[in-house]
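To be precise, the following lines are run_10.cif, and they hold mmCIF, C-alpha atoms.
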data_my_file
#
loop_
_atom_site.label_atom_id
_atom_site.label_comp_id
_atom_site.auth_asym_id
_atom_site.auth_seq_id
_atom_site.Cartn_x
_atom_site.Cartn_y
_atom_site.Cartn_z
CA MET M 1 115.85 170.66 27.21
CA LYS M 2 114.63 173.57 25.09
CA ILE M 3 114.30 172.63 21.45
CA GLY M 4 113.44 174.97 18.56
CA LEU M 5 112.29 173.85 15.13
CA LEU M 6 112.57 175.41 11.69
CA ILE M 7 110.04 174.16 9.15
CA ASN M 8 110.71 175.05 5.54
CA GLU M 9 108.06 173.16 3.59
CA GLY M 10 104.34 173.42 3.16
CA PRO M 11 101.80 170.90 4.40
CA TYR M 12 100.64 168.01 2.18
CA GLN M 13 103.38 168.65 -0.41
CA HIS M 14 106.35 167.30 1.52
CA GLN M 15 106.73 164.99 4.51
CA ALA M 16 108.92 167.53 6.36
CA THR M 17 106.03 169.07 8.24
CA ASP M 18 104.70 165.65 9.34
CA THR M 19 108.14 164.59 10.54
CA ALA M 20 108.50 167.86 12.42
CA TYR M 21 105.11 167.38 14.08
CA LEU M 22 105.82 163.80 15.15
CA PHE M 23 109.25 164.85 16.39
CA ALA M 24 107.76 167.72 18.40
CA LYS M 25 105.06 165.45 19.84
CA ALA M 26 107.67 162.90 20.94
CA ALA M 27 109.86 165.62 22.45
CA LEU M 28 106.97 167.04 24.45
CA ALA M 29 105.97 163.56 25.62
CA LYS M 30 109.50 163.08 26.91
CA GLY M 31 109.25 166.26 28.94
CA HIS M 32 111.28 168.54 26.70
CA GLU M 33 110.17 172.03 25.91
CA ILE M 34 109.44 173.02 22.32
CA ASP M 35 110.46 176.59 22.67
CA ARG M 36 109.43 177.89 19.30
CA ILE M 37 108.57 176.58 15.85
CA PHE M 38 109.50 178.94 13.04
CA PHE M 39 107.80 178.55 9.67
CA TYR M 40 109.75 179.76 6.67
CA HIS M 41 109.74 179.38 2.85
CA ASP M 42 106.57 177.42 1.88
CA GLY M 43 106.44 176.33 5.51
CA VAL M 44 104.30 179.41 6.15
CA ASN M 45 101.42 177.58 4.46
CA ASN M 46 101.16 175.45 7.60
CA SER M 47 99.37 178.42 9.17
CA SER M 48 96.51 179.01 6.72
CA SER M 49 93.11 178.82 8.37
CA LEU M 50 91.61 178.34 4.88
CA THR M 51 93.09 174.83 4.70
CA GLU M 52 90.40 172.16 4.27
CA PRO M 53 91.79 168.65 3.85
CA PRO M 54 89.43 165.76 3.03
CA GLN M 55 87.81 164.25 6.13
CA ASP M 56 89.86 161.05 6.01
CA ASP M 57 93.17 162.94 5.98
CA ARG M 58 95.07 164.50 8.87
CA ASN M 59 94.44 168.18 9.48
CA ILE M 60 97.96 169.51 9.64
CA VAL M 61 97.02 173.10 10.46
CA GLU M 62 94.66 172.17 13.29
CA ARG M 63 97.25 169.76 14.62
CA TRP M 64 99.70 172.66 15.11
CA SER M 65 97.04 174.88 16.65
CA LYS M 66 96.17 172.17 19.14
CA MET M 67 99.82 171.61 20.04
CA ALA M 68 100.28 175.35 20.59
CA GLU M 69 97.29 175.47 22.88
CA GLU M 70 98.09 172.37 24.89
CA HIS M 71 101.81 172.88 25.29
CA ASN M 72 102.23 176.61 24.96
CA VAL M 73 104.37 176.27 21.83
CA ASP M 74 105.19 179.56 20.12
CA LEU M 75 104.31 179.14 16.42
CA VAL M 76 105.93 181.93 14.45
CA VAL M 77 105.37 182.55 10.75
CA CYS M 78 107.94 184.64 8.86
CA VAL M 79 106.26 187.87 7.77
CA ALA M 80 108.17 188.32 4.49
CA ALA M 81 107.66 184.71 3.42
CA ALA M 82 104.00 184.84 4.51
CA LEU M 83 103.10 188.00 2.62
CA ARG M 84 104.71 186.61 -0.54
CA ARG M 85 102.44 183.58 -0.26
CA GLY M 86 99.18 185.21 0.77
CA ILE M 87 99.25 184.46 4.48
CA LYS M 88 97.98 187.38 6.53
CA ASP M 89 96.45 187.93 9.96
CA GLU M 90 92.98 187.51 8.48
CA ASN M 91 93.67 183.91 7.40
CA LEU M 92 96.05 182.94 10.19
CA ALA M 93 95.05 179.82 12.11
CA ALA M 94 94.75 179.83 15.91
CA GLY M 95 97.99 179.69 17.86
CA PHE M 96 100.17 181.16 15.10
CA ARG M 97 101.61 184.65 14.99
CA ILE M 98 103.33 186.52 12.19
CA SER M 99 106.68 188.10 12.95
CA GLY M 100 110.15 188.78 11.60
CA LEU M 101 113.10 186.53 10.81
CA GLY M 102 114.73 187.77 13.98
CA GLN M 103 112.48 185.33 15.83
CA LEU M 104 114.30 182.47 14.12
CA ILE M 105 117.70 183.75 15.16
CA GLU M 106 116.41 184.32 18.67
CA ALA M 107 115.17 180.74 18.78
CA GLY M 108 118.66 179.63 17.77
CA ILE M 109 120.16 181.67 20.58
CA GLN M 110 117.71 180.70 23.31
CA ALA M 111 117.01 177.05 22.56
CA ASP M 112 119.52 174.33 23.38
CA ARG M 113 118.97 172.78 19.94
CA LEU M 114 117.54 174.01 16.66
CA VAL M 115 116.42 171.34 14.21
CA THR M 116 115.61 172.05 10.56
CA PHE M 117 112.93 170.16 8.64
CA GLY M 118 112.78 170.90 4.94
CA ASP M 119 113.28 169.77 1.37
CA MET N 120 109.05 197.50 17.64
CA ASN N 121 112.14 196.90 15.68
CA GLU N 122 111.39 195.84 12.13
CA THR N 123 114.77 194.26 11.50
CA THR N 124 114.81 191.97 14.47
CA GLY N 125 111.13 191.11 14.32
CA GLY N 126 110.16 193.17 17.32
CA ILE N 127 112.71 191.67 19.64
CA ALA N 128 114.16 194.07 22.13
CA MET N 129 117.87 193.51 22.00
CA ASP N 130 118.26 193.92 25.74
CA ASP N 131 116.43 190.71 26.59
CA GLU N 132 117.97 187.43 27.63
CA SER N 133 119.62 186.88 24.25
CA GLU N 134 122.03 189.70 24.95
CA GLY N 135 125.45 188.54 25.89
CA THR N 136 125.03 185.06 24.49
CA ILE N 137 127.25 184.57 21.48
CA LYS N 138 126.66 181.37 19.63
CA LYS N 139 128.27 180.03 16.51
CA PHE N 140 125.71 180.00 13.70
CA MET N 141 126.48 178.35 10.39
CA TYR N 142 124.30 178.80 7.33
CA ILE N 143 124.78 176.05 4.80
CA ASN N 144 123.74 176.74 1.24
CA ARG N 145 123.46 173.69 -0.97
CA LYS N 146 121.03 174.82 -3.64
CA ALA N 147 121.40 176.77 -6.86
CA PRO N 148 119.74 180.19 -7.14
CA TYR N 149 116.57 181.03 -9.13
CA GLY N 150 115.33 177.47 -9.71
CA THR N 151 113.99 177.56 -6.17
CA VAL N 152 113.66 180.32 -3.58
CA TYR N 153 115.97 178.76 -0.97
CA ALA N 154 119.10 180.74 -1.91
CA LEU N 155 117.33 184.09 -1.74
CA GLU N 156 115.46 183.38 1.47
CA ALA N 157 118.60 181.96 3.10
CA LEU N 158 120.43 185.17 2.25
CA GLU N 159 117.60 187.13 3.87
CA VAL N 160 118.09 185.11 7.07
CA VAL N 161 121.82 185.84 7.12
CA LEU N 162 121.25 189.57 6.66
CA ILE N 163 118.86 189.63 9.63
CA ALA N 164 121.17 187.39 11.67
CA ALA N 165 123.91 189.99 11.32
CA ALA N 166 121.91 192.32 13.60
CA PHE N 167 122.21 189.86 16.47
CA ASP N 168 125.98 190.03 16.95
CA GLN N 169 126.44 186.29 16.78
CA ASP N 170 129.40 184.43 15.30
CA VAL N 171 128.16 183.87 11.76
CA SER N 172 129.64 181.77 9.00
CA MET N 173 128.26 180.81 5.62
CA VAL N 174 128.99 177.69 3.64
CA PHE N 175 128.48 177.14 -0.05
CA CYS N 176 128.63 173.55 -1.17
CA ASP N 177 127.06 171.28 -3.78
CA ASP N 178 124.92 173.44 -6.13
CA GLY N 179 125.08 176.21 -3.52
CA VAL N 180 128.38 177.30 -5.09
CA TYR N 181 126.36 178.53 -8.08
CA GLN N 182 124.86 181.21 -5.84
CA ILE N 183 128.11 183.17 -5.85
CA VAL N 184 129.36 182.86 -9.43
CA LYS N 185 130.00 186.04 -11.40
CA GLY N 186 127.98 187.19 -14.36
CA GLN N 187 124.40 186.58 -13.20
CA HIS N 188 121.88 188.53 -15.32
CA THR N 189 118.29 187.86 -14.47
CA LYS N 190 116.48 190.53 -16.45
CA PHE N 191 114.91 188.09 -18.88
CA ILE N 192 113.58 185.70 -16.26
CA ASP N 193 111.88 188.59 -14.48
CA VAL N 194 113.45 187.81 -11.12
CA LYS N 195 115.61 190.08 -8.99
CA ASN N 196 119.33 189.43 -9.30
CA PHE N 197 120.35 189.15 -5.67
CA SER N 198 123.93 188.09 -6.30
CA PRO N 199 125.40 191.59 -5.62
CA THR N 200 124.11 191.24 -2.05
CA TYR N 201 126.77 188.60 -1.31
CA ARG N 202 129.34 191.33 -1.86
CA ALA N 203 127.59 193.48 0.74
CA LEU N 204 127.86 190.79 3.43
CA GLU N 205 131.21 192.12 4.56
CA GLY N 206 129.49 195.38 5.53
CA TYR N 207 127.26 193.34 7.82
CA ASP N 208 130.32 191.75 9.45
CA VAL N 209 129.58 188.43 7.77
CA GLU N 210 133.11 187.67 6.71
CA LYS N 211 133.47 183.95 7.11
CA LEU N 212 132.45 182.48 3.79
CA TYR N 213 133.54 178.91 3.15
CA VAL N 214 133.27 177.12 -0.16
CA SER N 215 133.67 173.41 -0.72
CA LYS N 216 136.71 172.68 -2.85
CA GLU N 217 135.25 169.43 -4.05
CA SER N 218 131.99 171.09 -5.12
CA MET N 219 134.01 173.70 -7.05
CA ASP N 220 136.21 171.06 -8.71
CA GLU N 221 133.24 168.87 -9.66
CA ARG N 222 131.65 171.84 -11.41
CA GLY N 223 134.80 173.05 -13.14
CA LEU N 224 134.77 176.30 -11.17
CA ALA N 225 137.79 178.25 -9.97
CA GLU N 226 138.09 180.99 -7.36
CA ASP N 227 138.19 183.50 -10.21
CA ASP N 228 134.64 182.56 -11.15
CA LEU N 229 133.31 183.78 -7.79
CA LEU N 230 132.03 187.28 -7.13
CA VAL N 231 133.10 187.47 -3.51
CA ASP N 232 136.18 186.63 -1.43
CA VAL N 233 135.87 183.21 0.12
CA GLU N 234 137.96 180.56 1.77
CA ILE N 235 138.02 177.36 -0.24
CA VAL N 236 138.19 174.35 2.06
CA ASP N 237 138.44 170.60 1.66
CA ASN N 238 135.92 168.12 3.06
CA ALA N 239 137.90 167.41 6.22
CA LYS N 240 138.17 171.10 7.08
CA MET N 241 134.47 171.58 6.31
CA ALA N 242 133.59 168.73 8.67
CA ASP N 243 135.73 170.35 11.38
CA LEU N 244 134.06 173.74 10.90
CA MET N 245 130.60 172.19 11.03
CA GLU N 246 131.36 170.21 14.16
CA ASP N 247 132.43 173.42 15.88
CA GLN N 248 128.99 175.10 15.57
CA ASP N 249 126.21 175.65 18.08
CA VAL N 250 123.50 176.09 15.48
CA VAL N 251 123.50 174.86 11.89
CA LEU N 252 120.82 176.06 9.50
CA SER N 253 120.65 174.35 6.18
CA PHE N 254 118.93 175.59 3.05
CA MET D 255 127.07 166.02 15.84
CA LEU D 256 123.88 164.55 14.42
CA HIS D 257 123.33 164.60 10.66
CA THR D 258 119.96 163.82 9.16
CA VAL D 259 119.51 162.81 5.52
CA ASN D 260 116.03 162.98 3.99
CA LYS D 261 116.75 162.45 0.29
CA SER D 262 117.01 159.22 -1.65
CA PRO D 263 120.60 158.86 -2.85
CA PHE D 264 119.17 157.94 -6.26
CA ASP D 265 117.61 161.39 -6.47
CA ARG D 266 120.03 163.78 -4.78
CA ASN D 267 123.61 163.82 -3.50
CA SER D 268 122.65 164.67 0.10
CA LEU D 269 123.85 161.33 1.48
CA GLU D 270 127.14 161.52 -0.37
CA SER D 271 127.72 165.10 0.78
CA CYS D 272 126.87 164.14 4.33
CA LEU D 273 129.26 161.19 4.39
CA LYS D 274 132.08 163.28 2.95
CA GLN D 275 131.59 166.22 5.29
CA SER D 276 130.86 164.49 8.58
CA LYS D 277 133.48 163.57 11.14
CA ASP D 278 134.35 160.23 12.62
CA GLY D 279 132.20 159.63 15.68
CA SER D 280 129.23 161.58 14.39
CA ALA D 281 125.74 160.10 14.09
CA ILE D 282 123.79 159.88 10.85
CA LEU D 283 120.02 159.41 10.82
CA PHE D 284 118.09 158.43 7.69
CA ILE D 285 114.58 159.90 7.58
CA GLU D 286 111.80 160.34 4.99
CA ASP D 287 113.05 159.39 1.49
CA GLY D 288 116.54 159.32 2.98
CA VAL D 289 115.79 155.81 4.24
CA TYR D 290 116.41 154.46 0.71
CA GLY D 291 120.07 155.19 1.46
CA ALA D 292 120.01 152.72 4.36
CA LEU D 293 119.25 149.68 2.23
CA ALA D 294 121.40 146.65 1.43
CA ASN D 295 122.27 145.53 -2.10
CA THR D 296 122.03 148.95 -3.70
CA LYS D 297 124.79 150.83 -5.51
CA TYR D 298 125.19 152.97 -2.37
CA SER D 299 125.33 150.15 0.21
CA ASP D 300 129.12 149.79 0.14
CA MET D 301 129.62 153.53 0.60
CA VAL D 302 127.32 153.46 3.63
CA LYS D 303 128.93 150.33 5.09
CA GLU D 304 132.35 151.91 4.77
CA ALA D 305 131.14 155.02 6.61
CA MET D 306 129.60 152.81 9.32
CA LYS D 307 133.10 151.84 10.41
CA SER D 308 133.59 155.29 11.91
CA ARG D 309 130.06 156.67 12.36
CA LYS D 310 126.90 155.48 14.01
CA MET D 311 123.98 155.07 11.63
CA TYR D 312 120.30 155.14 12.48
CA ALA D 313 117.11 154.91 10.44
CA LEU D 314 113.67 156.18 11.39
CA PHE D 315 111.64 152.97 11.50
CA PRO D 316 108.23 154.57 10.83
CA ASP D 317 109.65 155.85 7.52
CA ILE D 318 111.24 152.48 6.69
CA GLU D 319 108.03 150.61 7.40
CA ALA D 320 105.84 153.11 5.55
CA ARG D 321 107.89 152.40 2.42
CA GLY D 322 107.86 148.62 2.85
CA MET D 323 111.63 148.48 3.30
CA GLN D 324 111.72 146.76 6.72
CA ASP D 325 113.48 143.62 5.45
CA LYS D 326 116.04 145.41 3.32
CA VAL D 327 117.98 147.58 5.77
CA ILE D 328 121.75 147.13 6.08
CA ASP D 329 122.68 145.07 9.17
CA GLY D 330 124.03 147.29 11.90
CA ILE D 331 121.91 150.33 11.13
CA LYS D 332 119.88 150.90 14.25
CA MET D 333 116.15 151.37 13.87
CA ILE D 334 114.69 154.11 16.03
CA ASP D 335 111.31 155.80 16.42
CA TYR D 336 110.57 159.51 16.92
CA GLU D 337 111.50 159.20 20.60
CA GLY D 338 114.88 157.88 19.58
CA PHE D 339 115.22 160.79 17.15
CA VAL D 340 114.59 163.20 20.05
CA ASP D 341 117.17 161.38 22.19
CA LEU D 342 119.78 161.74 19.45
CA VAL D 343 119.10 165.46 19.13
CA VAL D 344 119.46 165.88 22.88
CA GLU D 345 122.60 163.76 23.03
CA LYS D 346 124.47 165.53 20.22
CA ASN D 347 125.70 169.13 20.29
CA ALA D 348 124.03 170.26 17.08
CA VAL D 349 122.04 168.96 14.14
CA GLN D 350 122.75 169.42 10.46
CA SER D 351 119.92 168.49 8.10
CA TRP D 352 121.16 167.36 4.69
CA LEU D 353 118.11 168.33 2.69
#
Would you put the structure from the file into structure tokens?
Amino acid sequence: MKIGLLINEGPYQHQATDTAYLFAKAALAKGHEIDRIFFYHDGVNNSSSLTEPPQDDRNIVERWSKMAEEHNVDLVVCVAAALRRGIKDENLAAGFRISGLGQLIEAGIQADRLVTFGD
Amino acid sequence: MNETTGGIAMDDESEGTIKKFMYINRKAPYGTVYALEALEVVLIAAAFDQDVSMVFCDDGVYQIVKGQHTKFIDVKNFSPTYRALEGYDVEKLYVSKESMDERGLAEDDLLVDVEIVDNAKMADLMEDQDVVLSF
Amino acid sequence: MLHTVNKSPFDRNSLESCLKQSKDGSAILFIEDGVYGALANTKYSDMVKEAMKSRKMYALFPDIEARGMQDKVIDGIKMIDYEGFVDLVVEKNAVQSWL
């Protein structure tokens, strides 16, 4: 089944992004397709390549990049929300792309399920 | 490249599919950005010719009360935009009766025409959707 | 329909709103801080038990265990892992997240 995700919270602040990641990982392991993950509100901060967590903590940004590479997951960051929060192409982590809100609606149309993770 | 739809050509595989999208607003405006950014989603969604409905419940009902003046908090007053939704063919606005009652609000307090529904009706509407986005 | 609740009922009214606006036969999954709503002997336990008569309730075990609540969950609430969460999403027609 095709599943799309909407992530509305930033990394490290709220558990939403961890839950979304573990959900996506489990879905992929079960053979489902994660069609697209759309990052909105503070969720756009999941895509900052400037993120440097302490060594003993999980690297949330790299985790997404790796998932995108290994499973061909489309990681889309909302352009309006990103620009408001200082996320631009020059500090965008690997595997992410910046685009419009239309990508979220499209995910809702094309995926069999759309699941929201937020606060 | 179409700015509104995020570069999506409207003749791709999404054409022809009409799904029921519900946008549920449960948070008050200004204190957090959710109300504003949810409204931005709905305005974009209107370009996709889907079946769109909006729900206001819990503190979300405060998004559509009359008399919002934001000059002195230095934030844009986006409440007039709810009145423009009709022009985008977003006409199904549902408000929770219980949320209104709990807050001492009446239909007269709202700046836009809505349908006020009880919990059972709200549950029915929700169950009928293909996609539910909650803010 | 699947409803997820991720807020403690002591903090926000998400659980209450969910219970009031969900239909008989729907599934409710407690995740993140929402798992505090799945506990026995709290002021919300009776409300949850009442709703369990007509809805299926699940709790995300990794979140329960992380918070040290594994011995306090209401009997009859099914513990699931992330795989179970995925199965619920697939099984139900749509998901509403009560944030």
* **Surrounding residues of range 306-313 of chain D excluding itself and chain neighbours under 4 positions, 6 Å, all atoms listed in the file, as a list of chain:residue names** => D:Asp278, D:Gly279, D:Ser280, D:Ala281, D:Ile282, D:Leu283, D:Phe284, D:Ile331, D:Lys332, D:Met333
Restricting the output to C-alpha atoms, write the selected residues as a compact mmCIF listing (two decimals), in the frame of the given file.
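Produced file again.txt, reproduced below:
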# COMPACT_ATOMS: atom_id res chain seq x y z
CA ASP D 278 134.35 160.23 12.62
CA GLY D 279 132.20 159.63 15.68
CA SER D 280 129.23 161.58 14.39
CA ALA D 281 125.74 160.10 14.09
CA ILE D 282 123.79 159.88 10.85
CA LEU D 283 120.02 159.41 10.82
CA PHE D 284 118.09 158.43 7.69
CA ILE D 331 121.91 150.33 11.13
CA LYS D 332 119.88 150.90 14.25
CA MET D 333 116.15 151.37 13.87
* To do: Please report as a PyMOL selection string which residues of chain D come no farther than 12 Å from chain N, using all atoms listed in the file.
  => chain D and resi 255-259+266-281+346-353
* Asked: Please, which residues of chain D lie no more than 6 Å from chain M when the count uses only C-alpha atoms, and can they be set out as a PyMOL selection string?
  -> chain D and resi 336-337+340+353
How about saving the chosen residues, C-alpha atoms kept, as a short mmCIF file (atom, residue, chain, number, x, y, z; two decimals), in the frame of the given file?
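Output (out39.cif):
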data_model
loop_
_atom_site.label_atom_id
_atom_site.label_comp_id
_atom_site.auth_asym_id
_atom_site.auth_seq_id
_atom_site.Cartn_x
_atom_site.Cartn_y
_atom_site.Cartn_z
CA TYR D 336 110.57 159.51 16.92
CA GLU D 337 111.50 159.20 20.60
CA VAL D 340 114.59 163.20 20.05
CA LEU D 353 118.11 168.33 2.69
#
* **Counting all atoms listed in the file, chain M residues within 12 Å of chain N, as a ChimeraX atom specification** => /M:3-9,40-43,76-82,84,97-119
How about saving the chosen residues, C-alpha atoms kept, as a JSON list (two decimals), in the coordinates of the input?
[["chain", "number", "residue", "atom", "x", "y", "z"],
["M", 3, "ILE", "CA", 114.30, 172.63, 21.45],
["M", 4, "GLY", "CA", 113.44, 174.97, 18.56],
["M", 5, "LEU", "CA", 112.29, 173.85, 15.13],
["M", 6, "LEU", "CA", 112.57, 175.41, 11.69],
["M", 7, "ILE", "CA", 110.04, 174.16, 9.15],
["M", 8, "ASN", "CA", 110.71, 175.05, 5.54],
["M", 9, "GLU", "CA", 108.06, 173.16, 3.59],
["M", 40, "TYR", "CA", 109.75, 179.76, 6.67],
["M", 41, "HIS", "CA", 109.74, 179.38, 2.85],
["M", 42, "ASP", "CA", 106.57, 177.42, 1.88],
["M", 43, "GLY", "CA", 106.44, 176.33, 5.51],
["M", 76, "VAL", "CA", 105.93, 181.93, 14.45],
["M", 77, "VAL", "CA", 105.37, 182.55, 10.75],
["M", 78, "CYS", "CA", 107.94, 184.64, 8.86],
["M", 79, "VAL", "CA", 106.26, 187.87, 7.77],
["M", 80, "ALA", "CA", 108.17, 188.32, 4.49],
["M", 81, "ALA", "CA", 107.66, 184.71, 3.42],
["M", 82, "ALA", "CA", 104.00, 184.84, 4.51],
["M", 84, "ARG", "CA", 104.71, 186.61, -0.54],
["M", 97, "ARG", "CA", 101.61, 184.65, 14.99],
["M", 98, "ILE", "CA", 103.33, 186.52, 12.19],
["M", 99, "SER", "CA", 106.68, 188.10, 12.95],
["M", 100, "GLY", "CA", 110.15, 188.78, 11.60],
["M", 101, "LEU", "CA", 113.10, 186.53, 10.81],
["M", 102, "GLY", "CA", 114.73, 187.77, 13.98],
["M", 103, "GLN", "CA", 112.48, 185.33, 15.83],
["M", 104, "LEU", "CA", 114.30, 182.47, 14.12],
["M", 105, "ILE", "CA", 117.70, 183.75, 15.16],
["M", 106, "GLU", "CA", 116.41, 184.32, 18.67],
["M", 107, "ALA", "CA", 115.17, 180.74, 18.78],
["M", 108, "GLY", "CA", 118.66, 179.63, 17.77],
["M", 109, "ILE", "CA", 120.16, 181.67, 20.58],
["M", 110, "GLN", "CA", 117.71, 180.70, 23.31],
["M", 111, "ALA", "CA", 117.01, 177.05, 22.56],
["M", 112, "ASP", "CA", 119.52, 174.33, 23.38],
["M", 113, "ARG", "CA", 118.97, 172.78, 19.94],
["M", 114, "LEU", "CA", 117.54, 174.01, 16.66],
["M", 115, "VAL", "CA", 116.42, 171.34, 14.21],
["M", 116, "THR", "CA", 115.61, 172.05, 10.56],
["M", 117, "PHE", "CA", 112.93, 170.16, 8.64],
["M", 118, "GLY", "CA", 112.78, 170.90, 4.94],
["M", 119, "ASP", "CA", 113.28, 169.77, 1.37]]
* Residues within 9 Å of (136.9, 178.0, -1.7), counting only C-alpha atoms, listed as a ChimeraX atom specification -> /N:175,212-216,219,225-226,232-237
* Distance CA of Arg321 in chain D-CA of Lys261 in chain D, one decimal place? -> 13.6 Å
* To do: Please provide as a VMD selection string all residues within 9 Å of Ile60 in chain M, with the sequence filter that same-chain residues fewer than 6 positions apart are discarded (counting only C-alpha atoms).
  => chain M and resid 11 to 12 17 to 18 21 46 51 53
Taking C-alpha atoms for each residue, export the selection above as an mmCIF file, keeping the file's coordinate frame.
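This went into selection.cif:
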data_model
loop_
_atom_site.group_PDB
_atom_site.id
_atom_site.type_symbol
_atom_site.label_atom_id
_atom_site.label_comp_id
_atom_site.auth_asym_id
_atom_site.auth_seq_id
_atom_site.Cartn_x
_atom_site.Cartn_y
_atom_site.Cartn_z
ATOM 1 C CA PRO M 11 101.800 170.900 4.400
ATOM 2 C CA TYR M 12 100.640 168.010 2.180
ATOM 3 C CA THR M 17 106.030 169.070 8.240
ATOM 4 C CA ASP M 18 104.700 165.650 9.340
ATOM 5 C CA TYR M 21 105.110 167.380 14.080
ATOM 6 C CA ASN M 46 101.160 175.450 7.600
ATOM 7 C CA THR M 51 93.090 174.830 4.700
ATOM 8 C CA PRO M 53 91.790 168.650 3.850
#
* **Hits of the PyMOL selection byres ((chain M and resi 92) around 6) in this structure, as a ChimeraX atom specification** => /M:47-49,89-91,93
* **Coordinates-based distance that separates CA of Trp64 in chain M from CA of Phe38 in chain M (Å, one decimal)** =>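 Between these atoms lies a distance of 11.8 Å.
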* Rounded to one decimal place, report the CA of Leu229 in chain N-CA of Pro263 in chain D distance in Å. =>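 That distance, rounded to one decimal, is 28.4 Å.
With distances taken over all atoms listed in the file, D:Ile328 is the one residue among D:Met323, D:Ile328, D:Leu314, D:Ile285 lying closest to Asp300 in chain D.
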Let me have the centre and edge lengths of the axis-aligned box enclosing all listed atoms of range 171-186 of chain N with 4 Å padding on every side, in Å to one decimal, as lines of an AutoDock Vina configuration file.
center_x = 127.4
center_y = 179.2
center_z = -1.3
size_x = 13.1
size_y = 23.9
size_z = 34.1
* Asked: If the PyMOL selection byres ((chain N and resi 183-195) around 8) is run on the structure shown, which residues does it catch, given as a ChimeraX atom specification?
  -> /N:149,179-182,196-198,201,228-231
Your completed range 37-52 of chain M with N, CA and C atoms, as a PDB file, in the frame of the given file:
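Output contents, as saved in selection-v6.pdb:
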ATOM      1  N   ILE M  37     108.486 177.174  17.186  1.00  0.00           N
ATOM      2  CA  ILE M  37     108.570 176.580  15.850  1.00  0.00           C
ATOM      3  C   ILE M  37     108.465 177.725  14.859  1.00  0.00           C
ATOM      4  N   PHE M  38     109.468 177.841  14.010  1.00  0.00           N
ATOM      5  CA  PHE M  38     109.500 178.940  13.040  1.00  0.00           C
ATOM      6  C   PHE M  38     109.188 178.390  11.658  1.00  0.00           C
ATOM      7  N   PHE M  39     108.230 179.007  10.994  1.00  0.00           N
ATOM      8  CA  PHE M  39     107.800 178.550   9.670  1.00  0.00           C
ATOM      9  C   PHE M  39     108.343 179.505   8.611  1.00  0.00           C
ATOM     10  N   TYR M  40     109.081 178.935   7.678  1.00  0.00           N
ATOM     11  CA  TYR M  40     109.750 179.760   6.670  1.00  0.00           C
ATOM     12  C   TYR M  40     109.564 179.132   5.282  1.00  0.00           C
ATOM     13  N   HIS M  41     109.968 179.838   4.240  1.00  0.00           N
ATOM     14  CA  HIS M  41     109.740 179.380   2.850  1.00  0.00           C
ATOM     15  C   HIS M  41     108.250 178.966   2.723  1.00  0.00           C
ATOM     16  N   ASP M  42     107.963 177.881   1.995  1.00  0.00           N
ATOM     17  CA  ASP M  42     106.570 177.420   1.880  1.00  0.00           C
ATOM     18  C   ASP M  42     106.027 176.894   3.204  1.00  0.00           C
ATOM     19  N   GLY M  43     106.870 176.765   4.191  1.00  0.00           N
ATOM     20  CA  GLY M  43     106.440 176.330   5.510  1.00  0.00           C
ATOM     21  C   GLY M  43     105.353 177.232   6.089  1.00  0.00           C
ATOM     22  N   VAL M  44     105.318 178.482   5.629  1.00  0.00           N
ATOM     23  CA  VAL M  44     104.300 179.410   6.150  1.00  0.00           C
ATOM     24  C   VAL M  44     102.881 178.916   5.847  1.00  0.00           C
ATOM     25  N   ASN M  45     102.749 178.093   4.807  1.00  0.00           N
ATOM     26  CA  ASN M  45     101.420 177.580   4.460  1.00  0.00           C
ATOM     27  C   ASN M  45     100.835 176.647   5.519  1.00  0.00           C
ATOM     28  N   ASN M  46     101.653 176.232   6.470  1.00  0.00           N
ATOM     29  CA  ASN M  46     101.160 175.450   7.600  1.00  0.00           C
ATOM     30  C   ASN M  46     100.180 176.249   8.462  1.00  0.00           C
ATOM     31  N   SER M  47     100.144 177.567   8.262  1.00  0.00           N
ATOM     32  CA  SER M  47      99.370 178.420   9.170  1.00  0.00           C
ATOM     33  C   SER M  47      98.065 178.920   8.571  1.00  0.00           C
ATOM     34  N   SER M  48      97.714 178.477   7.366  1.00  0.00           N
ATOM     35  CA  SER M  48      96.510 179.010   6.720  1.00  0.00           C
ATOM     36  C   SER M  48      95.229 178.412   7.293  1.00  0.00           C
ATOM     37  N   SER M  49      94.390 179.285   7.804  1.00  0.00           N
ATOM     38  CA  SER M  49      93.110 178.820   8.370  1.00  0.00           C
ATOM     39  C   SER M  49      92.141 178.411   7.260  1.00  0.00           C
ATOM     40  N   LEU M  50      92.489 178.699   6.007  1.00  0.00           N
ATOM     41  CA  LEU M  50      91.610 178.340   4.880  1.00  0.00           C
ATOM     42  C   LEU M  50      91.823 176.892   4.442  1.00  0.00           C
ATOM     43  N   THR M  51      92.789 176.214   5.070  1.00  0.00           N
ATOM     44  CA  THR M  51      93.090 174.830   4.700  1.00  0.00           C
ATOM     45  C   THR M  51      91.905 173.908   5.021  1.00  0.00           C
ATOM     46  N   GLU M  52      91.499 173.113   4.038  1.00  0.00           N
ATOM     47  CA  GLU M  52      90.400 172.160   4.270  1.00  0.00           C
ATOM     48  C   GLU M  52      90.734 170.814   3.664  1.00  0.00           C
TER      49      GLU M  52
END
